[in-house]
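Visitor: Data file target-v1.cif (mmCIF, C-alpha atoms) is appended below.
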```cif
data_final
loop_
_atom_site.label_atom_id
_atom_site.label_comp_id
_atom_site.auth_asym_id
_atom_site.auth_seq_id
_atom_site.Cartn_x
_atom_site.Cartn_y
_atom_site.Cartn_z
CA MET A 2 73.59 119.25 90.36
CA GLU A 3 70.55 118.69 88.15
CA ASN A 4 67.94 116.09 89.02
CA LYS A 5 68.03 114.55 85.54
CA LEU A 6 68.59 110.81 85.73
CA PRO A 7 71.47 109.39 83.66
CA ALA A 8 70.50 107.27 80.65
CA TRP A 9 71.41 103.57 80.74
CA ASP A 10 73.24 103.83 77.38
CA ASP A 11 75.55 106.46 78.87
CA LEU A 12 76.01 104.54 82.11
CA ARG A 13 76.93 101.44 80.13
CA VAL A 14 79.64 103.40 78.30
CA LEU A 15 81.01 104.67 81.63
CA LEU A 16 80.99 101.11 82.98
CA GLU A 17 83.04 99.82 80.04
CA VAL A 18 85.51 102.72 80.30
CA HIS A 19 86.02 101.70 83.92
CA ARG A 20 86.44 98.03 83.01
CA GLY A 21 88.67 98.56 79.99
CA GLY A 22 90.69 101.47 81.31
CA SER A 23 90.39 103.56 78.14
CA PHE A 24 87.94 105.03 75.64
CA LEU A 25 89.41 102.78 72.95
CA ALA A 26 88.82 99.58 74.97
CA ALA A 27 85.25 100.65 75.80
CA GLY A 28 84.55 101.38 72.15
CA LEU A 29 85.86 97.99 71.03
CA LYS A 30 83.70 96.26 73.65
CA LEU A 31 80.52 98.16 72.68
CA GLY A 32 81.13 98.44 68.94
CA LEU A 33 81.43 102.23 69.10
CA SER A 34 84.04 104.67 67.82
CA THR A 35 86.30 106.42 70.31
CA SER A 36 84.67 109.73 69.43
CA THR A 37 81.21 108.29 70.19
CA VAL A 38 82.45 107.05 73.56
CA ALA A 39 83.82 110.52 74.32
CA ARG A 40 80.52 112.12 73.25
CA ARG A 41 78.50 109.78 75.51
CA ILE A 42 80.77 110.48 78.50
CA GLY A 43 80.48 114.20 77.78
CA ALA A 44 76.69 113.95 77.71
CA LEU A 45 76.69 112.12 81.04
CA GLU A 46 78.97 114.72 82.62
CA LYS A 47 76.74 117.51 81.30
CA ASP A 48 73.62 115.86 82.74
CA LEU A 49 75.26 115.49 86.15
CA GLY A 50 77.06 118.84 86.11
CA ARG A 51 80.50 117.51 86.98
CA ALA A 52 83.59 115.90 85.47
CA LEU A 53 83.71 112.12 85.79
CA VAL A 54 86.46 110.85 83.49
CA HIS A 55 89.90 112.21 82.60
CA ARG A 56 91.76 111.01 79.50
CA THR A 57 95.55 110.71 79.63
CA SER A 58 98.22 109.17 77.43
CA GLN A 59 98.14 106.13 79.74
CA GLY A 60 94.37 105.67 79.50
CA ALA A 61 91.42 107.01 81.51
CA TRP A 62 90.97 107.55 85.23
CA LEU A 63 87.71 108.17 87.03
CA GLU A 64 86.73 110.64 89.72
CA LYS A 65 85.45 109.23 93.03
CA GLU A 66 81.88 110.30 92.17
CA ALA A 67 82.01 108.14 89.04
CA LEU A 68 82.56 105.00 91.11
CA GLU A 69 79.11 105.42 92.67
CA LEU A 70 77.63 105.44 89.16
CA ILE A 71 79.70 102.36 88.29
CA ALA A 72 78.13 100.48 91.20
CA LEU A 73 74.68 101.62 90.06
CA ALA A 74 75.39 100.48 86.49
CA GLU A 75 76.61 97.06 87.65
CA ARG A 76 73.47 96.50 89.71
CA PHE A 77 71.29 97.53 86.79
CA GLU A 78 73.24 95.25 84.44
CA GLN A 79 72.72 92.30 86.80
CA SER A 80 69.00 93.09 87.03
CA LEU A 81 68.73 93.17 83.24
CA ARG A 82 70.38 89.76 82.98
CA ALA A 83 68.05 88.32 85.61
CA HIS A 84 65.03 89.83 83.84
CA ARG A 85 66.10 88.25 80.56
CA ARG A 86 66.42 84.87 82.26
CA ASP A 87 62.91 85.29 83.65
CA GLY A 88 61.43 86.59 80.41
CA GLY A 89 60.51 83.38 78.58
CA GLU A 90 57.23 83.54 76.71
CA GLY A 91 54.56 80.87 76.53
CA SER A 92 55.37 78.02 78.90
CA PRO A 93 56.09 78.98 82.54
CA TYR A 94 59.17 76.78 82.22
CA ALA A 95 60.64 78.73 79.29
CA GLY A 96 63.75 80.69 80.22
CA ARG A 97 67.13 80.17 81.87
CA ILE A 98 68.27 78.86 85.23
CA ARG A 99 71.72 79.63 86.61
CA ILE A 100 72.97 77.45 89.46
CA SER A 101 76.20 78.16 91.33
CA LEU A 102 77.86 75.41 93.36
CA PRO A 103 81.15 73.92 94.54
CA ASP A 104 83.19 71.97 92.00
CA GLY A 105 82.35 68.61 93.55
CA PHE A 106 78.62 69.09 92.85
CA LEU A 107 78.91 69.54 89.08
CA THR A 108 78.01 65.93 88.27
CA GLY A 109 74.90 66.11 90.45
CA ALA A 110 73.84 69.38 88.83
CA ALA A 111 74.29 67.85 85.37
CA GLU A 112 72.16 64.86 86.38
CA ALA A 113 69.43 67.15 87.73
CA ALA A 114 69.53 69.18 84.52
CA THR A 115 69.24 66.03 82.40
CA ARG A 116 66.17 64.83 84.31
CA PHE A 117 64.55 68.26 84.33
CA ARG A 118 64.93 68.90 80.60
CA ARG A 119 63.33 65.56 79.73
CA LEU A 120 60.14 67.10 81.10
CA HIS A 121 60.82 70.73 80.21
CA PRO A 122 63.05 70.99 77.11
CA GLU A 123 62.21 74.69 76.83
CA THR A 124 64.34 75.42 79.94
CA LEU A 125 67.99 76.35 79.46
CA ILE A 126 70.28 75.53 82.39
CA GLU A 127 73.64 77.13 83.16
CA VAL A 128 75.85 75.52 85.81
CA ILE A 129 78.74 77.59 87.14
CA SER A 130 81.52 76.57 89.49
CA GLU A 131 83.69 79.47 90.57
CA LEU A 132 86.51 80.27 92.95
CA ARG A 133 84.20 82.80 94.59
CA PHE A 134 80.53 82.32 95.36
CA VAL A 135 78.34 84.54 93.20
CA ASP A 136 75.99 87.05 94.81
CA LEU A 137 72.59 85.37 94.95
CA SER A 138 70.93 88.38 96.55
CA SER A 139 71.62 90.48 93.43
CA ARG A 140 70.60 87.61 91.13
CA GLU A 141 74.05 86.83 89.68
CA ALA A 142 72.67 83.29 89.85
CA ASP A 143 69.25 81.88 90.65
CA ILE A 144 70.20 78.93 92.87
CA GLY A 145 73.29 78.23 94.95
CA VAL A 146 74.65 75.30 96.93
CA ARG A 147 76.44 76.53 100.03
CA GLY A 148 78.29 75.05 102.96
CA GLY A 149 76.44 77.24 105.44
CA ARG A 150 73.35 79.38 105.93
CA SER A 151 73.10 82.79 104.31
CA SER A 152 72.93 85.94 106.43
CA SER A 153 71.01 87.91 103.78
CA PRO A 154 67.35 88.68 104.62
CA VAL A 155 66.35 88.29 100.95
CA LEU A 156 67.70 84.72 100.65
CA VAL A 157 66.17 81.47 101.87
CA ASP A 158 68.08 78.28 102.69
CA LYS A 159 66.95 74.68 102.70
CA LEU A 160 69.09 71.96 104.24
CA LEU A 161 70.12 69.38 101.65
CA GLY A 162 71.88 67.10 104.11
CA GLU A 163 75.27 66.15 105.52
CA VAL A 164 77.98 64.60 103.37
CA MET A 165 80.23 62.02 105.04
CA SER A 166 83.86 62.24 104.00
CA GLY A 167 86.82 59.87 103.90
CA LEU A 168 90.50 60.00 103.01
CA TYR A 169 91.65 58.22 99.86
CA ALA A 170 94.97 57.57 98.13
CA SER A 171 96.41 55.57 95.28
CA ALA A 172 97.82 52.09 95.87
CA ASP A 173 101.27 53.45 94.94
CA TYR A 174 101.14 56.18 97.58
CA LEU A 175 99.87 53.79 100.23
CA SER A 176 102.61 51.24 99.55
CA ARG A 177 105.25 53.98 99.86
CA SER A 178 103.93 56.10 102.70
CA LEU A 179 101.10 54.35 104.54
CA PRO A 180 101.38 50.58 104.07
CA LYS A 181 99.16 49.86 107.09
CA ARG A 182 96.38 51.91 105.43
CA PHE A 183 95.46 53.28 108.84
CA LEU A 184 95.82 56.90 109.93
CA GLY A 185 96.29 57.30 113.65
CA ALA A 186 96.18 60.51 115.65
CA ASP A 187 99.96 60.95 115.38
CA ASP A 188 100.31 60.04 111.71
CA TYR A 189 99.08 63.22 110.01
CA ARG A 190 102.38 65.10 110.22
CA GLU A 191 104.13 62.37 108.23
CA GLN A 192 101.67 62.31 105.31
CA ASP A 193 101.11 64.34 102.14
CA PHE A 194 97.63 65.76 101.44
CA VAL A 195 95.94 66.99 98.29
CA VAL A 196 93.53 69.77 99.28
CA GLU A 197 91.56 72.77 98.08
CA ASP A 198 93.18 76.18 97.84
CA GLU A 199 91.60 77.85 100.87
CA THR A 200 91.83 81.24 102.53
CA PRO A 201 93.42 81.62 106.00
CA ARG A 202 89.94 82.12 107.53
CA SER A 203 88.50 79.06 105.88
CA ARG A 204 87.14 76.25 108.05
CA GLY A 205 87.43 73.62 105.36
CA PRO A 206 89.31 70.32 105.01
CA SER A 207 92.87 71.71 105.06
CA GLN A 208 92.25 73.49 108.38
CA TRP A 209 90.79 70.33 109.89
CA LEU A 210 93.86 68.38 108.72
CA SER A 211 96.24 71.06 110.01
CA GLN A 212 94.65 70.84 113.45
CA ARG A 213 95.65 67.19 113.49
CA GLY A 214 99.27 67.96 112.66
CA ALA A 215 99.21 67.87 108.86
CA SER A 216 101.65 70.35 107.32
CA ARG A 217 102.58 68.77 103.99
CA PHE A 218 100.29 69.96 101.18
CA PRO A 219 102.20 69.34 97.94
CA PHE A 220 99.18 70.06 95.76
CA ARG A 221 96.32 72.52 96.17
CA SER A 222 93.54 73.21 93.68
CA ASN A 223 89.92 74.33 93.65
CA SER A 224 89.32 71.88 90.79
CA MET A 225 88.00 68.49 91.88
CA GLU A 226 89.25 66.98 88.63
CA ALA A 227 92.76 68.27 89.30
CA ARG A 228 92.75 66.96 92.88
CA LEU A 229 91.58 63.55 91.73
CA HIS A 230 94.30 63.42 89.07
CA ALA A 231 96.98 64.39 91.60
CA ALA A 232 95.79 61.78 94.11
CA LYS A 233 95.62 59.05 91.47
CA GLY A 234 99.17 59.99 90.51
CA GLY A 235 100.37 59.29 94.04
CA MET A 236 100.78 62.85 95.33
CA GLY A 237 98.98 62.23 98.61
CA LEU A 238 95.76 61.63 100.50
CA VAL A 239 92.65 63.41 99.26
CA MET A 240 89.34 64.02 101.05
CA LEU A 241 86.30 62.74 99.12
CA GLY A 242 82.72 61.85 99.85
CA ILE A 243 82.28 58.28 101.06
CA GLY A 244 81.53 55.97 98.17
CA ALA A 245 83.98 57.70 95.81
CA GLU A 246 85.80 54.42 95.27
CA LYS A 247 82.94 53.24 93.06
CA GLN A 248 83.60 56.02 90.55
CA HIS A 249 87.37 56.05 91.13
CA PRO A 250 88.62 52.50 91.75
CA GLU A 251 92.23 53.73 91.48
CA LEU A 252 91.81 55.28 94.93
CA LYS A 253 91.66 53.27 98.16
CA ARG A 254 90.02 54.48 101.35
CA VAL A 255 92.15 54.45 104.48
CA ARG A 256 90.98 53.65 107.98
CA LEU A 257 90.91 56.52 110.47
CA GLU A 258 91.23 56.61 114.22
CA THR A 259 89.26 59.87 114.29
CA PRO A 260 86.34 60.18 111.83
CA LEU A 261 86.30 63.13 109.50
CA PRO A 262 83.63 65.77 110.16
CA SER A 263 80.51 65.57 108.03
CA LEU A 264 79.84 68.64 105.90
CA ARG A 265 76.39 70.25 105.88
CA PHE A 266 75.11 71.80 102.64
CA TYR A 267 72.18 74.08 101.88
CA LEU A 268 70.23 75.00 98.76
CA THR A 269 69.95 78.80 98.67
CA MET A 270 67.93 81.14 96.49
CA HIS A 271 66.30 84.57 96.47
CA LYS A 272 62.97 84.30 98.28
CA ASP A 273 61.09 85.83 95.33
CA LEU A 274 62.22 82.98 93.06
CA ARG A 275 60.14 80.44 94.96
CA LYS A 276 57.22 81.78 92.90
CA VAL A 277 58.93 81.05 89.55
CA PRO A 278 57.80 77.56 88.40
CA ARG A 279 60.97 76.49 86.61
CA ILE A 280 63.22 77.63 89.49
CA ARG A 281 61.05 75.97 92.13
CA GLU A 282 60.75 72.69 90.24
CA PHE A 283 64.42 72.50 89.29
CA ALA A 284 65.33 73.00 92.94
CA LYS A 285 63.13 70.00 93.80
CA THR A 286 64.85 67.92 91.11
CA PHE A 287 68.29 68.82 92.46
CA GLU A 288 67.16 67.98 96.01
CA SER A 289 66.04 64.54 94.77
CA VAL A 290 69.41 63.86 93.12
CA PHE A 291 71.23 64.94 96.28
CA ALA A 292 69.00 62.72 98.45
CA GLU A 293 69.84 59.72 96.25
CA TYR A 294 73.52 60.48 96.72
CA LEU A 295 73.14 60.56 100.51
CA VAL A 296 71.34 57.19 100.45
CA ALA A 297 74.18 55.72 98.37
CA GLN A 298 76.68 57.11 100.89
CA ALA A 299 74.83 55.54 103.80
CA ASP A 300 74.65 52.19 101.97
CA ALA A 301 78.38 52.30 101.21
CA GLU A 302 79.21 52.97 104.85
CA ALA A 303 76.83 50.29 106.14
CA SER A 304 78.32 47.67 103.81
CA ARG A 305 81.87 48.40 104.93
CA PRO A 306 83.34 45.69 107.20
CA LYS A 307 83.18 46.79 110.83
CA ARG A 308 86.89 46.26 111.31
CA LEU A 309 87.53 48.91 108.66
CA ARG A 310 85.26 51.53 110.20
CA PRO A 311 86.73 54.35 112.28
CA ARG A 312 86.00 54.43 115.96
CA THR A 313 82.74 56.25 116.59
CA ARG A 314 83.43 59.51 118.25
CA LYS A 315 81.49 62.78 118.28
CA HIS A 316 83.31 65.52 116.48
CA ALA A 317 82.44 69.14 115.71
CA VAL A 318 83.24 70.56 112.30
CA GLY A 319 86.34 72.74 112.33
CA LYS A 320 87.33 72.04 115.96
CA GLY A 321 90.06 69.90 117.38
CA SER A 322 89.41 66.61 119.12
#
```
The structure in this file should be written as structure tokens.
Guide:
Amino acid sequence: MENKLPAWDDLRVLLEVHRGGSFLAAGLKLGLSTSTVARRIGALEKDLGRALVHRTSQGAWLEKEALELIALAERFEQSLRAHRRDGGEGSPYAGRIRISLPDGFLTGAAEAATRFRRLHPETLIEVISELRFVDLSSREADIGVRGGRSSSPVLVDKLLGEVMSGLYASADYLSRSLPKRFLGADDYREQDFVVEDETPRSRGPSQWLSQRGASRFPFRSNSMEARLHAAKGGMGLVMLGIGAEKQHPELKRVRLETPLPSLRFYLTMHKDLRKVPRIREFAKTFESVFAEYLVAQADAEASRPKRLRPRTRKHAVGKGS
């Protein structure tokens, strides 16, 4: 095999053939004719001295060696996108910021973006909430909010704080299923819960509820908006950050015999990005917004009548009592 390095233009064509499953789909994606796609693939195969792609009546299939090039092309594509975000001219704050976080943090991210752009209107901010966490180490996003520390040596984490949670339900649900508005240790199996769609290995809210006997989950969704709508419609109890009743007066907080575990969150980014002014300063703005939220939570809990507070009891996240 020759030592000639493949050209990015040819690698990009191979990547789109892989994604689209055919020369036609790759050509439509790239604005090229099918014959040009075939010529590019042929040039790549000639440079590498081996066959990579086979065309059939059902589409195209790739040799195992081509998959290694696909991975290389994807990494290069991600690096190009990150470079473009970092490539603003003039002001050190010109450019893009991508922040990835759980659905429940979208409002806080929007508030941080609003404050930041009042000072730096040249910065463009993209907020993404996904079912999977993006890969921060390969710069799919610049900043992430995570429920745990990263294990990657190229990422740094900063503790944002611990969010206190409560269980809430509509007045209609409570009158039908929990008129005493108190959830004792033996009451979980009789109640309906609105929860996130979580994997079997997850250590999130639904697992914590299951450990207390909950088995009725009539509605699952990774969308906070959808969970709120379902809970307001009387589908069950939903776990929210304390103080949620101010934004959602349709939901009433229930008293608990066993307090819910607090959830710890971290701000995570690639360690090299600490040197980029707009990334560093936006992270500080987001931290400020999150700190204000935690203060509001503490005030809401302190102002709650003592008779409505759960019994104080140490509890580890994800473990049974």
Visitor: Name the residues captured by the PyMOL selection byres ((chain A and resi 15) around 9) when it is applied to the shown file; answer as a compact mmCIF listing (two decimals) with C-alpha atoms, keeping the file's coordinate frame.
Guide:
```txt
# COMPACT_ATOMS: atom_id res chain seq x y z
CA ASP A 10 73.24 103.83 77.38
CA ASP A 11 75.55 106.46 78.87
CA LEU A 12 76.01 104.54 82.11
CA ARG A 13 76.93 101.44 80.13
CA VAL A 14 79.64 103.40 78.30
CA LEU A 16 80.99 101.11 82.98
CA GLU A 17 83.04 99.82 80.04
CA VAL A 18 85.51 102.72 80.30
CA HIS A 19 86.02 101.70 83.92
CA ARG A 20 86.44 98.03 83.01
CA ALA A 27 85.25 100.65 75.80
CA VAL A 38 82.45 107.05 73.56
CA ARG A 41 78.50 109.78 75.51
CA ILE A 42 80.77 110.48 78.50
CA LEU A 45 76.69 112.12 81.04
CA LEU A 53 83.71 112.12 85.79
CA VAL A 54 86.46 110.85 83.49
CA ALA A 67 82.01 108.14 89.04
CA LEU A 70 77.63 105.44 89.16
CA ILE A 71 79.70 102.36 88.29
CA ALA A 74 75.39 100.48 86.49
```
Visitor: Using all atoms listed in the file, list the residues that have an atom at most 6 Å from (87.3, 102.3, 73.4), coordinates as in the file, as a ChimeraX atom specification.
Guide: /A:23-29,35
Visitor: Considering only C-alpha atoms, can you say which of A:Ser166, A:Met240, A:Lys285, A:Ala172 comes closest to Pro260 (chain A)?
Guide: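 For Pro260 (chain A), the nearest of the given residues is A:Ser166.
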Visitor: Determine the nearest neighbour of Thr108 (chain A) from the options A:Val164, A:Val290, A:Val277, A:Val195, counting all atoms listed in the file.
Guide: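 Answer, going by the shortest atom-to-atom distance: A:Val290.
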Visitor: Just so the selection is clear, what residues does the PyMOL selection byres ((chain A and resi 141-156) around 7) cover here, as a PyMOL selection string?
Guide: chain A and resi 79+98-102+135-140+157-158+265-272
Visitor: Given the file shown, enumerate the residues that the PyMOL selection byres ((chain A and resi 294-308) around 12) captures and present them as a PDB file with C-alpha atoms, in the frame of the given file.
Guide:
```pdb
ATOM      1  CA  PHE A 106      78.620  69.090  92.850  1.00  0.00           C
ATOM      2  CA  THR A 108      78.010  65.930  88.270  1.00  0.00           C
ATOM      3  CA  GLY A 109      74.900  66.110  90.450  1.00  0.00           C
ATOM      4  CA  ALA A 110      73.840  69.380  88.830  1.00  0.00           C
ATOM      5  CA  GLU A 112      72.160  64.860  86.380  1.00  0.00           C
ATOM      6  CA  ALA A 113      69.430  67.150  87.730  1.00  0.00           C
ATOM      7  CA  LEU A 161      70.120  69.380 101.650  1.00  0.00           C
ATOM      8  CA  GLY A 162      71.880  67.100 104.110  1.00  0.00           C
ATOM      9  CA  GLU A 163      75.270  66.150 105.520  1.00  0.00           C
ATOM     10  CA  VAL A 164      77.980  64.600 103.370  1.00  0.00           C
ATOM     11  CA  MET A 165      80.230  62.020 105.040  1.00  0.00           C
ATOM     12  CA  SER A 166      83.860  62.240 104.000  1.00  0.00           C
ATOM     13  CA  GLY A 167      86.820  59.870 103.900  1.00  0.00           C
ATOM     14  CA  PHE A 183      95.460  53.280 108.840  1.00  0.00           C
ATOM     15  CA  LEU A 241      86.300  62.740  99.120  1.00  0.00           C
ATOM     16  CA  GLY A 242      82.720  61.850  99.850  1.00  0.00           C
ATOM     17  CA  ILE A 243      82.280  58.280 101.060  1.00  0.00           C
ATOM     18  CA  GLY A 244      81.530  55.970  98.170  1.00  0.00           C
ATOM     19  CA  ALA A 245      83.980  57.700  95.810  1.00  0.00           C
ATOM     20  CA  GLU A 246      85.800  54.420  95.270  1.00  0.00           C
ATOM     21  CA  LYS A 247      82.940  53.240  93.060  1.00  0.00           C
ATOM     22  CA  ARG A 254      90.020  54.480 101.350  1.00  0.00           C
ATOM     23  CA  VAL A 255      92.150  54.450 104.480  1.00  0.00           C
ATOM     24  CA  ARG A 256      90.980  53.650 107.980  1.00  0.00           C
ATOM     25  CA  LEU A 257      90.910  56.520 110.470  1.00  0.00           C
ATOM     26  CA  GLU A 258      91.230  56.610 114.220  1.00  0.00           C
ATOM     27  CA  SER A 263      80.510  65.570 108.030  1.00  0.00           C
ATOM     28  CA  LEU A 264      79.840  68.640 105.900  1.00  0.00           C
ATOM     29  CA  ARG A 265      76.390  70.250 105.880  1.00  0.00           C
ATOM     30  CA  PHE A 266      75.110  71.800 102.640  1.00  0.00           C
ATOM     31  CA  PHE A 287      68.290  68.820  92.460  1.00  0.00           C
ATOM     32  CA  GLU A 288      67.160  67.980  96.010  1.00  0.00           C
ATOM     33  CA  SER A 289      66.040  64.540  94.770  1.00  0.00           C
ATOM     34  CA  VAL A 290      69.410  63.860  93.120  1.00  0.00           C
ATOM     35  CA  PHE A 291      71.230  64.940  96.280  1.00  0.00           C
ATOM     36  CA  ALA A 292      69.000  62.720  98.450  1.00  0.00           C
ATOM     37  CA  GLU A 293      69.840  59.720  96.250  1.00  0.00           C
ATOM     38  CA  LEU A 309      87.530  48.910 108.660  1.00  0.00           C
ATOM     39  CA  ARG A 310      85.260  51.530 110.200  1.00  0.00           C
ATOM     40  CA  PRO A 311      86.730  54.350 112.280  1.00  0.00           C
ATOM     41  CA  ARG A 312      86.000  54.430 115.960  1.00  0.00           C
ATOM     42  CA  THR A 313      82.740  56.250 116.590  1.00  0.00           C
TER      43      THR A 313
END
```
Visitor: Using all atoms of region 124-130 of chain A that appear in the file, construct an axis-aligned enclosing box with 5 Å of padding on every side and provide its centre coordinates and edge lengths in Å, rounded to one decimal, as JSON.
Guide:
```
{"center_x": 72.9, "center_y": 76.5, "center_z": 84.5, "size_x": 27.2, "size_y": 12.2, "size_z": 20.0}
```
Visitor: Which residues are close to Leu179 (chain A), i.e. within 10 Å by all atoms listed in the file, leaving aside same-chain residues fewer than 2 positions away? Reply as a ChimeraX atom specification.
Guide: /A:170,172-177,181-184,188,191-192,238,255
